[in-house]
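Participant: Input target_7.txt, format and content: compact mmCIF, C-alpha atoms and all ligand atoms.
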# COMPACT_ATOMS: atom_id res chain seq x y z
CA MET A 1366 0.00 0.00 0.00
CA ARG A 1367 1.11 3.48 -0.94
CA VAL A 1368 0.22 6.31 1.47
CA ASP A 1369 0.77 10.00 0.70
CA VAL A 1370 0.34 12.72 3.32
CA ILE A 1371 0.34 16.46 2.53
CA SER A 1372 0.78 18.71 5.60
CA ILE A 1373 2.40 21.95 6.80
CA PHE A 1374 3.77 19.88 9.71
CA PRO A 1375 5.31 16.75 8.13
CA GLU A 1376 7.42 16.40 11.30
CA TYR A 1377 4.19 15.30 13.05
CA PHE A 1378 4.63 11.96 11.26
CA ALA A 1379 7.96 10.95 12.81
CA PRO A 1380 6.07 8.25 14.82
CA LEU A 1381 5.45 6.46 11.52
CA ASP A 1382 9.17 5.60 11.50
CA VAL A 1383 8.96 3.46 14.64
CA SER A 1384 7.42 0.20 15.89
CA LEU A 1385 4.79 -1.67 13.88
CA ILE A 1386 4.36 0.88 11.06
CA GLY A 1387 8.10 1.59 10.90
CA LYS A 1388 8.82 -2.11 10.45
CA ALA A 1389 6.07 -2.43 7.83
CA ARG A 1390 7.78 0.41 5.92
CA GLU A 1391 11.18 -1.27 6.19
CA ARG A 1392 9.64 -4.49 4.86
CA GLY A 1393 8.01 -2.69 1.94
CA ILE A 1394 4.47 -3.47 3.05
CA LEU A 1395 3.76 0.26 3.50
CA ASP A 1396 5.23 2.96 1.25
CA ILE A 1397 4.64 6.31 2.97
CA HIS A 1398 5.45 9.63 1.25
CA LEU A 1399 5.30 12.90 3.22
CA HIS A 1400 4.89 16.27 1.46
CA GLN A 1401 5.35 19.83 2.81
CA LEU A 1402 2.35 21.84 1.55
CA ARG A 1403 4.36 25.08 1.64
CA ASP A 1404 6.53 23.72 -1.21
CA TRP A 1405 3.54 24.65 -3.44
CA ALA A 1406 3.08 28.15 -1.93
CA HIS A 1407 5.12 30.36 -4.22
CA ASP A 1408 5.02 33.75 -2.49
CA VAL A 1409 8.02 34.83 -0.44
CA HIS A 1410 6.26 33.96 2.82
CA ARG A 1411 5.04 30.58 1.48
CA THR A 1412 1.50 31.54 2.51
CA VAL A 1413 -1.08 28.75 2.74
CA ASP A 1414 -3.96 30.54 4.49
CA ASP A 1415 -6.18 33.60 4.13
CA THR A 1416 -9.24 35.21 5.72
CA PRO A 1417 -12.61 33.46 5.26
CA TYR A 1418 -15.10 34.83 2.69
CA GLY A 1419 -18.24 35.88 4.53
CA GLY A 1420 -16.22 36.81 7.61
CA GLY A 1421 -15.92 34.78 10.81
CA PRO A 1422 -13.08 33.70 13.07
CA GLY A 1423 -9.80 32.12 12.05
CA MET A 1424 -8.23 31.52 8.66
CA VAL A 1425 -8.99 29.15 5.78
CA MET A 1426 -6.37 27.22 3.80
CA LYS A 1427 -5.98 28.58 0.27
CA PRO A 1428 -6.99 26.30 -2.65
CA GLU A 1429 -3.99 26.96 -4.92
CA PRO A 1430 -1.22 25.27 -2.87
CA TRP A 1431 -3.49 22.27 -2.14
CA GLY A 1432 -4.43 21.92 -5.81
CA GLU A 1433 -0.81 21.98 -6.95
CA ALA A 1434 0.28 19.60 -4.18
CA ILE A 1435 -2.49 17.08 -4.88
CA ASP A 1436 -1.82 17.27 -8.64
CA THR A 1437 1.85 16.48 -7.94
CA VAL A 1438 0.91 13.45 -5.84
CA LEU A 1439 -1.55 12.19 -8.48
CA ALA A 1440 1.16 12.47 -11.13
CA ALA A 1441 3.16 9.82 -9.22
CA ASP A 1442 0.93 7.21 -10.89
CA PRO A 1443 -1.26 8.70 -13.66
CA ALA A 1444 -2.77 5.29 -14.35
CA ALA A 1445 -4.17 5.02 -10.82
CA GLN A 1446 -6.10 7.18 -8.35
CA PRO A 1447 -5.73 7.32 -4.58
CA ARG A 1448 -8.64 7.41 -2.18
CA ILE A 1449 -8.48 10.94 -0.69
CA ILE A 1450 -9.15 11.08 3.05
CA VAL A 1451 -9.80 14.45 4.67
CA PRO A 1452 -9.72 14.46 8.49
CA THR A 1453 -12.38 16.83 9.87
CA PRO A 1454 -14.57 17.11 12.98
CA SER A 1455 -17.58 17.11 10.64
CA GLY A 1456 -16.82 13.87 8.82
CA VAL A 1457 -18.21 10.34 8.90
CA PRO A 1458 -17.00 8.31 11.91
CA PHE A 1459 -13.74 6.44 11.47
CA THR A 1460 -14.55 2.88 12.55
CA GLN A 1461 -12.87 -0.52 12.43
CA LYS A 1462 -15.14 -1.26 9.47
CA LEU A 1463 -13.84 1.80 7.60
CA ALA A 1464 -10.27 0.91 8.59
CA MET A 1465 -10.79 -2.53 7.00
CA GLU A 1466 -12.19 -0.89 3.87
CA TYR A 1467 -9.13 1.39 3.61
CA ALA A 1468 -6.78 -1.55 4.24
CA ALA A 1469 -8.03 -3.04 0.95
CA GLU A 1470 -7.08 0.10 -1.01
CA PRO A 1471 -3.77 0.18 -2.93
CA TRP A 1472 -3.27 3.97 -2.47
CA LEU A 1473 -4.45 6.46 0.15
CA LEU A 1474 -3.88 10.23 0.12
CA PHE A 1475 -4.39 12.01 3.46
CA THR A 1476 -4.88 15.79 3.47
CA PRO A 1477 -4.65 16.96 7.12
CA ALA A 1478 -5.52 20.63 7.36
CA ARG A 1479 -4.91 23.33 9.94
CA TYR A 1480 -6.67 26.64 10.71
CA GLU A 1481 -10.44 26.25 10.03
CA GLY A 1482 -9.91 23.76 7.23
CA ILE A 1483 -9.34 23.77 3.45
CA ASP A 1484 -11.25 25.92 0.92
CA SER A 1485 -14.17 23.65 0.02
CA ARG A 1486 -13.54 23.99 -3.73
CA VAL A 1487 -10.46 21.77 -3.42
CA MET A 1488 -12.33 18.59 -2.51
CA ALA A 1489 -15.16 19.56 -4.89
CA GLU A 1490 -12.55 19.61 -7.66
CA TYR A 1491 -11.17 16.14 -6.87
CA GLY A 1492 -14.45 14.65 -5.67
CA SER A 1493 -15.72 14.93 -9.23
CA ARG A 1494 -13.20 12.30 -10.38
CA MET A 1495 -12.22 10.15 -7.36
CA ARG A 1496 -13.42 9.04 -3.91
CA VAL A 1497 -12.98 11.84 -1.36
CA ASP A 1498 -13.95 10.92 2.22
CA GLU A 1499 -14.38 13.46 5.02
CA VAL A 1500 -13.63 11.44 8.17
CA SER A 1501 -13.83 12.18 11.92
CA VAL A 1502 -11.72 10.19 14.39
CA GLY A 1503 -13.99 11.15 17.29
CA ASP A 1504 -16.43 13.66 18.71
CA TYR A 1505 -13.83 16.09 20.01
CA VAL A 1506 -11.93 18.91 18.33
CA LEU A 1507 -8.23 18.66 17.49
CA ALA A 1508 -6.00 21.60 16.45
CA GLY A 1509 -5.43 20.02 13.05
CA GLY A 1510 -5.71 16.82 11.05
CA GLU A 1511 -2.22 15.38 11.59
CA VAL A 1512 -3.01 13.38 14.75
CA ALA A 1513 -6.14 12.03 13.03
CA VAL A 1514 -3.93 10.80 10.17
CA LEU A 1515 -1.60 9.06 12.66
CA VAL A 1516 -4.63 7.30 14.15
CA MET A 1517 -5.93 6.17 10.78
CA VAL A 1518 -2.55 5.08 9.38
CA GLU A 1519 -1.91 2.93 12.46
CA ALA A 1520 -5.43 1.44 12.48
CA VAL A 1521 -5.21 0.65 8.75
CA GLY A 1522 -1.53 -0.33 8.66
CA ARG A 1523 -1.91 -2.99 11.37
CA LEU A 1524 -4.56 -4.71 9.23
CA LEU A 1525 -2.26 -5.17 6.24
CA PRO A 1526 -1.14 -8.77 5.62
CA GLY A 1527 2.19 -9.49 7.30
CA VAL A 1528 2.18 -6.48 9.62
CA LEU A 1529 0.84 -8.23 12.72
CA GLY A 1530 2.53 -11.53 13.54
CA ASN A 1531 0.17 -14.53 13.49
CA ALA A 1532 0.14 -14.43 17.29
CA ASN A 1533 -1.45 -10.98 17.20
CA SER A 1534 -4.06 -11.45 14.51
CA ALA A 1535 -6.46 -8.57 14.02
CA VAL A 1536 -9.24 -11.08 13.55
CA ASP A 1537 -9.86 -11.05 17.32
CA ASP A 1538 -9.99 -7.27 17.53
CA SER A 1539 -12.83 -5.54 19.27
CA PHE A 1540 -15.19 -4.20 16.62
CA ALA A 1541 -13.91 -6.70 14.05
CA PRO A 1542 -16.72 -8.66 12.36
CA GLY A 1543 -17.34 -12.06 13.89
CA ALA A 1544 -18.60 -13.71 17.07
CA MET A 1545 -17.04 -11.12 19.40
CA GLU A 1546 -18.07 -8.21 17.15
CA ASN A 1547 -18.88 -5.07 19.11
CA LEU A 1548 -17.71 -6.55 22.40
CA LEU A 1549 -14.93 -4.79 24.27
CA GLU A 1550 -11.84 -6.73 25.26
CA GLY A 1551 -11.98 -8.21 28.76
CA PRO A 1552 -9.15 -7.99 31.37
CA VAL A 1553 -5.75 -9.53 30.59
CA TYR A 1554 -3.10 -10.98 32.93
CA THR A 1555 0.45 -12.33 32.81
CA LYS A 1556 3.06 -13.61 35.30
CA PRO A 1557 3.54 -13.35 38.26
CA PRO A 1558 0.42 -15.20 39.53
CA GLU A 1559 0.23 -12.86 42.54
CA TRP A 1560 1.28 -9.19 42.55
CA ARG A 1561 0.92 -6.85 45.53
CA GLY A 1562 -1.79 -9.12 46.94
CA HIS A 1563 -3.71 -9.23 43.64
CA GLU A 1564 -4.15 -12.75 42.30
CA VAL A 1565 -4.81 -13.83 38.71
CA PRO A 1566 -8.38 -15.23 38.34
CA GLU A 1567 -8.11 -18.95 39.14
CA ILE A 1568 -9.94 -19.99 35.98
CA LEU A 1569 -7.08 -18.65 33.84
CA LEU A 1570 -4.64 -21.00 35.57
CA SER A 1571 -6.96 -24.01 35.20
CA GLY A 1572 -5.95 -25.04 31.70
CA HIS A 1573 -9.64 -25.67 31.00
CA HIS A 1574 -9.91 -23.89 27.62
CA GLY A 1575 -13.68 -24.15 27.36
CA LYS A 1576 -14.24 -22.56 30.74
CA ILE A 1577 -11.55 -19.95 30.05
CA ALA A 1578 -13.26 -18.97 26.79
CA ARG A 1579 -16.60 -18.71 28.63
CA TRP A 1580 -15.04 -16.58 31.40
CA ARG A 1581 -13.44 -14.24 28.86
CA ARG A 1582 -16.73 -13.79 27.02
CA ASP A 1583 -18.52 -13.07 30.31
CA GLU A 1584 -15.91 -10.46 31.21
CA ALA A 1585 -16.16 -8.93 27.72
CA LEU A 1586 -19.95 -8.69 28.08
CA ARG A 1587 -19.63 -7.18 31.58
CA ARG A 1588 -17.11 -4.56 30.43
CA THR A 1589 -19.19 -3.75 27.34
CA ALA A 1590 -22.32 -3.33 29.49
CA ARG A 1591 -20.37 -1.12 31.90
CA ASN A 1592 -18.57 1.10 29.37
CA ARG A 1593 -20.51 0.92 26.10
CA LEU A 1594 -24.08 -0.18 26.78
CA GLU A 1595 -25.14 0.96 23.32
CA LEU A 1596 -22.85 -1.69 21.79
CA LEU A 1597 -24.58 -4.38 23.83
CA ALA A 1598 -27.96 -3.15 22.63
CA ALA A 1599 -26.65 -3.43 19.05
CA LEU A 1600 -25.54 -7.06 19.50
CA ASP A 1601 -27.36 -9.54 17.28
CA PRO A 1602 -29.63 -11.44 19.74
CA GLU A 1603 -28.57 -14.63 17.94
CA THR A 1604 -25.02 -14.23 19.24
CA LEU A 1605 -26.27 -14.10 22.85
CA ASP A 1606 -26.75 -17.60 24.19
CA LYS A 1607 -28.86 -18.52 27.22
CA HIS A 1608 -25.80 -18.28 29.49
CA ASP A 1609 -25.18 -14.69 28.35
CA ARG A 1610 -28.75 -13.77 29.09
CA LYS A 1611 -28.30 -14.77 32.72
CA LEU A 1612 -25.41 -12.30 33.25
C1 LIG B 1 -15.50 23.69 14.59
O1 LIG B 1 -14.77 23.64 13.39
C2 LIG B 1 -13.45 23.34 13.50
C3 LIG B 1 -12.76 23.04 12.35
C4 LIG B 1 -11.39 22.76 12.41
C5 LIG B 1 -10.73 22.78 13.62
C6 LIG B 1 -9.26 22.48 13.70
N1 LIG B 1 -8.88 21.63 12.59
C7 LIG B 1 -8.29 22.09 11.47
C8 LIG B 1 -8.11 21.03 10.59
C9 LIG B 1 -8.61 19.87 11.23
C10 LIG B 1 -8.72 18.53 10.85
C11 LIG B 1 -9.32 17.63 11.71
C12 LIG B 1 -9.81 18.05 12.95
C13 LIG B 1 -10.51 17.09 13.84
C14 LIG B 1 -10.94 15.84 13.49
C15 LIG B 1 -11.59 15.34 14.63
N2 LIG B 1 -12.20 14.09 14.78
N3 LIG B 1 -11.54 16.27 15.56
N4 LIG B 1 -10.88 17.36 15.08
C16 LIG B 1 -9.70 19.38 13.35
C17 LIG B 1 -9.10 20.28 12.49
C18 LIG B 1 -11.41 23.06 14.77
C19 LIG B 1 -12.79 23.35 14.72
Output the file's structure in the form of structure tokens.
Ligand SMILES: COc1ccc(Cn2ccc3ccc(-c4cc(N)[nH]n4)cc32)cc1
Facilitator:
Amino acid sequence: MRVDVISIFPEYFAPLDVSLIGKARERGILDIHLHQLRDWAHDVHRTVDDTPYGGGPGMVMKPEPWGEAIDTVLAADPAAQPRIIVPTPSGVPFTQKLAMEYAAEPWLLFTPARYEGIDSRVMAEYGSRMRVDEVSVGDYVLAGGEVAVLVMVEAVGRLLPGVLGNANSAVDDSFAPGAMENLLEGPVYTKPPEWRGHEVPEILLSGHHGKIARWRRDEALRRTARNRLELLAALDPETLDKHDRKL
């Protein structure tokens, strides 16, 4: 997968050099290209923003630098088109389902903005010839789109074949389709068996895999009910067996 990111703060993406995503880049699974938007701002001050038409607070990002920058990225492979992803507080929710959809794409272009966002004519221009998604990573307001891009690149990158070792398959993720879909992860434990007077639940030391699986599902249901009741309400009744119903 190729990923392009255009930003006035490309240094925000240093974390993409380390750990899981960094290794995926070294192994050629992910090919990430960072671009400094100001390279396409040709005035002496390399200006990328201006006052909003119609008045109002803050500044809006000018269309010209974005248009030239996006055109340059598109020219990298004229025979293909990236999916353009625009982080914004007013976008569709970024979910595990959307992450899985993006993980199937060969080329993503992220356009994290600053100020009050990008002149709307930019995405109108490209939306007429390719998929342009406005995406929110949560119902809170960031100072810009860069952190949202880090979230999405990590959530998508970890789903790419070969990125997670077999031992850490994403198939068991919370929110991944399947039997545990929409259930939160339950508690996890490792050695030592007792720590500061806290013992590991006996069942986990029993070696009885059936009972362990049942205990883990019970704990997942309890945590989901406690922290995300709406997810429990959305569970397909078929996936709740009679034991679940007694919890
Ligand atoms: C109320 O309107 C606003 C508009 C923009 C901003 C600051 N800002 C500028 C670009 C940009 C890109 C993404 C995000 C963002 C995304 C999510 N889920 N939260 N915040 C925020 C962003 C603040 C407020």
Participant: List as a PyMOL selection string the protein and nucleic acid residues lying within 6 Å of ligand LIG 1 (chain B), with all atoms listed in the file counted.
Facilitator: chain A and resi 1452-1454+1477-1482+1501-1510
Participant: Kindly give the distance, in Å, that separates CA of Ile1568 in chain A and CA of Asp1538 in chain A, rounded to a single decimal.
Facilitator: 22.4 Å
Participant: Using CA of Gly1530 in chain A and CA of Ala1469 in chain A as the two end points, give the distance in Å to one decimal.
Facilitator: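 It comes out at 18.5 Å.
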Participant: Closest to Gly1522 in chain A among A:Gly1575, A:Gly1492, A:Pro1443, A:Gly1387, using all atoms listed in the file?
Facilitator: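 Nearest to Gly1522 in chain A: A:Gly1387.
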Participant: Got a sec: who's within 6 Å of Leu1402 in chain A, counting only C-alpha atoms, leaving out chain neighbours fewer than 6 positions off, as a list in words?
Facilitator: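 Listed by chain and then number, they are Ile1371, Ser1372 and Ile1373 of chain A.
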Participant: List the neighbours of Asp1583 in chain A out to 12 Å using only C-alpha atoms; skip same-chain residues closer than 3 positions along the sequence, and give me the result as a list of chain:residue names.
Facilitator: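 Everything that qualifies: A:Met1545, A:Leu1548, A:Leu1549, A:Glu1550, A:Gly1551, A:Pro1552, A:Lys1576, A:Ile1577, A:Ala1578, A:Arg1579, A:Trp1580, A:Leu1586, A:Arg1587, A:Arg1588, A:Thr1589, A:Ala1590, A:Leu1605, A:Asp1606, A:His1608, A:Asp1609, A:Arg1610, A:Lys1611, A:Leu1612.
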Participant: Show me, as JSON, the centre and edge lengths in Å to one decimal of the axis-aligned box that covers every listed atom of range 1367-1379 of chain A with 5 Å on each side.
Facilitator:
{"center_x": 4.1, "center_y": 12.7, "center_z": 6.1, "size_x": 17.7, "size_y": 28.5, "size_z": 24.0}
Participant: Can you list, as a short mmCIF file (atom, residue, chain, number, x, y, z; two decimals) with C-alpha atoms, in the coordinates of the input, every protein, DNA or RNA residue that comes within 12 Å of Leu1473 in chain A when you count only C-alpha atoms, leaving out same-chain residues fewer than 3 positions away?
Facilitator:
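Dumped to result_38.cif:
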data_model
loop_
_atom_site.label_atom_id
_atom_site.label_comp_id
_atom_site.auth_asym_id
_atom_site.auth_seq_id
_atom_site.Cartn_x
_atom_site.Cartn_y
_atom_site.Cartn_z
CA MET A 1366 0.00 0.00 0.00
CA ARG A 1367 1.11 3.48 -0.94
CA VAL A 1368 0.22 6.31 1.47
CA ASP A 1369 0.77 10.00 0.70
CA VAL A 1370 0.34 12.72 3.32
CA ILE A 1371 0.34 16.46 2.53
CA LEU A 1395 3.76 0.26 3.50
CA ASP A 1396 5.23 2.96 1.25
CA ILE A 1397 4.64 6.31 2.97
CA HIS A 1398 5.45 9.63 1.25
CA ILE A 1435 -2.49 17.08 -4.88
CA VAL A 1438 0.91 13.45 -5.84
CA LEU A 1439 -1.55 12.19 -8.48
CA ALA A 1445 -4.17 5.02 -10.82
CA GLN A 1446 -6.10 7.18 -8.35
CA PRO A 1447 -5.73 7.32 -4.58
CA ARG A 1448 -8.64 7.41 -2.18
CA ILE A 1449 -8.48 10.94 -0.69
CA ILE A 1450 -9.15 11.08 3.05
CA VAL A 1451 -9.80 14.45 4.67
CA ALA A 1464 -10.27 0.91 8.59
CA GLU A 1466 -12.19 -0.89 3.87
CA TYR A 1467 -9.13 1.39 3.61
CA ALA A 1468 -6.78 -1.55 4.24
CA ALA A 1469 -8.03 -3.04 0.95
CA GLU A 1470 -7.08 0.10 -1.01
CA THR A 1476 -4.88 15.79 3.47
CA MET A 1495 -12.22 10.15 -7.36
CA ARG A 1496 -13.42 9.04 -3.91
CA VAL A 1497 -12.98 11.84 -1.36
CA ASP A 1498 -13.95 10.92 2.22
CA VAL A 1514 -3.93 10.80 10.17
CA MET A 1517 -5.93 6.17 10.78
CA VAL A 1518 -2.55 5.08 9.38
CA VAL A 1521 -5.21 0.65 8.75
CA GLY A 1522 -1.53 -0.33 8.66
#
Participant: Considering only C-alpha atoms, state which residue in the set A:Arg1411, A:Arg1523, A:Lys1427, A:Arg1486 is at the smallest distance from Lys1388 in chain A.
Facilitator: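 Using only C-alpha atoms, the shortest distance to Lys1388 in chain A belongs to A:Arg1523.
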Participant: Quick check, in Å to one decimal: how far apart do CA of Glu1490 in chain A and CA of Ala1520 in chain A lie?
Facilitator: 28.0 Å
Participant: With a distance cut-off of 10 Å and all atoms listed in the file, select the neighbouring residues of Pro1380 in chain A, excluding the residue or stretch itself and same-chain residues fewer than 4 positions from it, and output the selection as a PyMOL selection string.
Facilitator: chain A and resi 1376+1384+1386-1387+1515+1519
Participant: A:Leu1399, A:Trp1560, A:Ala1434, A:Leu1596: which is nearest Val1413 in chain A, counting only C-alpha atoms?
Facilitator: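 The closest residue to Val1413 in chain A is A:Ala1434.
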Participant: Of the candidates A:Glu1567, A:Val1457, A:Gly1527, A:Val1425, which shows the shortest atom-to-atom distance to Arg1390 in chain A, using all atoms listed in the file?
Facilitator: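 When distances to Arg1390 in chain A are compared using all atoms listed in the file, the smallest one comes from A:Gly1527.
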Participant: From the set A:Phe1378, A:Tyr1491, A:Tyr1554, A:Phe1540, which residue has the shortest atom-to-atom contact distance to Asp1436 in chain A, counting all atoms listed in the file?
Facilitator: A:Tyr1491
Participant: If we count all atoms listed in the file, what is near Pro1417 in chain A at a cut-off of 9 Å, once residues fewer than 5 positions away on the same chain are taken out, given as a PyMOL selection string?
Facilitator: chain A and resi 1422-1426+1481+1484
Participant: Will you model N, CA and C atoms for range 1486-1512 of chain A and pass it back as a CSV table (one decimal), in the frame of the given file?
Facilitator:
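The resulting file, result-v7.csv, is shown below:
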chain,number,residue,atom,x,y,z
A,1486,ARG,N,-13.6,24.3,-2.3
A,1486,ARG,CA,-13.5,24.0,-3.7
A,1486,ARG,C,-12.5,22.9,-4.1
A,1487,VAL,N,-11.5,22.7,-3.1
A,1487,VAL,CA,-10.5,21.8,-3.4
A,1487,VAL,C,-11.0,20.4,-3.5
A,1488,MET,N,-11.8,20.0,-2.5
A,1488,MET,CA,-12.3,18.6,-2.5
A,1488,MET,C,-13.5,18.5,-3.5
A,1489,ALA,N,-14.1,19.6,-3.8
A,1489,ALA,CA,-15.2,19.6,-4.9
A,1489,ALA,C,-14.5,19.2,-6.2
A,1490,GLU,N,-13.3,19.8,-6.4
A,1490,GLU,CA,-12.6,19.6,-7.7
A,1490,GLU,C,-12.2,18.1,-7.8
A,1491,TYR,N,-11.6,17.5,-6.8
A,1491,TYR,CA,-11.2,16.1,-6.9
A,1491,TYR,C,-12.3,15.1,-6.7
A,1492,GLY,N,-13.3,15.5,-5.9
A,1492,GLY,CA,-14.4,14.6,-5.7
A,1492,GLY,C,-15.2,14.4,-6.9
A,1493,SER,N,-15.0,15.2,-8.0
A,1493,SER,CA,-15.7,14.9,-9.2
A,1493,SER,C,-15.1,13.8,-10.0
A,1494,ARG,N,-13.9,13.4,-9.6
A,1494,ARG,CA,-13.2,12.3,-10.4
A,1494,ARG,C,-12.6,11.2,-9.5
A,1495,MET,N,-12.7,11.3,-8.2
A,1495,MET,CA,-12.2,10.2,-7.4
A,1495,MET,C,-12.9,10.2,-6.0
A,1496,ARG,N,-12.8,9.1,-5.2
A,1496,ARG,CA,-13.4,9.0,-3.9
A,1496,ARG,C,-12.7,10.0,-3.0
A,1497,VAL,N,-13.5,10.9,-2.4
A,1497,VAL,CA,-13.0,11.8,-1.4
A,1497,VAL,C,-13.8,11.6,-0.1
A,1498,ASP,N,-13.2,11.2,1.0
A,1498,ASP,CA,-14.0,10.9,2.2
A,1498,ASP,C,-13.6,12.0,3.3
A,1499,GLU,N,-14.6,12.6,3.8
A,1499,GLU,CA,-14.4,13.5,5.0
A,1499,GLU,C,-14.6,12.6,6.2
A,1500,VAL,N,-13.6,12.4,7.1
A,1500,VAL,CA,-13.6,11.4,8.2
A,1500,VAL,C,-13.3,12.1,9.5
A,1501,SER,N,-14.1,11.7,10.5
A,1501,SER,CA,-13.8,12.2,11.9
A,1501,SER,C,-13.3,11.0,12.7
A,1502,VAL,N,-12.3,11.3,13.5
A,1502,VAL,CA,-11.7,10.2,14.4
A,1502,VAL,C,-12.3,10.2,15.8
A,1503,GLY,N,-13.3,11.1,16.0
A,1503,GLY,CA,-14.0,11.2,17.3
A,1503,GLY,C,-14.7,12.5,17.5
A,1504,ASP,N,-15.6,12.4,18.5
A,1504,ASP,CA,-16.4,13.7,18.7
A,1504,ASP,C,-15.7,14.6,19.7
A,1505,TYR,N,-14.6,15.1,19.3
A,1505,TYR,CA,-13.8,16.1,20.0
A,1505,TYR,C,-13.0,16.9,19.0
A,1506,VAL,N,-12.5,18.0,19.3
A,1506,VAL,CA,-11.9,18.9,18.3
A,1506,VAL,C,-10.4,19.0,18.5
A,1507,LEU,N,-9.7,18.6,17.5
A,1507,LEU,CA,-8.2,18.7,17.5
A,1507,LEU,C,-7.8,20.0,16.9
A,1508,ALA,N,-6.5,20.3,17.0
A,1508,ALA,CA,-6.0,21.6,16.4
A,1508,ALA,C,-5.7,21.5,15.0
A,1509,GLY,N,-5.7,20.2,14.5
A,1509,GLY,CA,-5.4,20.0,13.0
A,1509,GLY,C,-5.6,18.5,12.7
A,1510,GLY,N,-5.4,18.2,11.5
A,1510,GLY,CA,-5.7,16.8,11.0
A,1510,GLY,C,-4.6,15.8,11.2
A,1511,GLU,N,-3.4,16.3,11.6
A,1511,GLU,CA,-2.2,15.4,11.6
A,1511,GLU,C,-2.4,14.2,12.6
A,1512,VAL,N,-2.9,14.5,13.8
A,1512,VAL,CA,-3.0,13.4,14.8
A,1512,VAL,C,-4.1,12.4,14.3
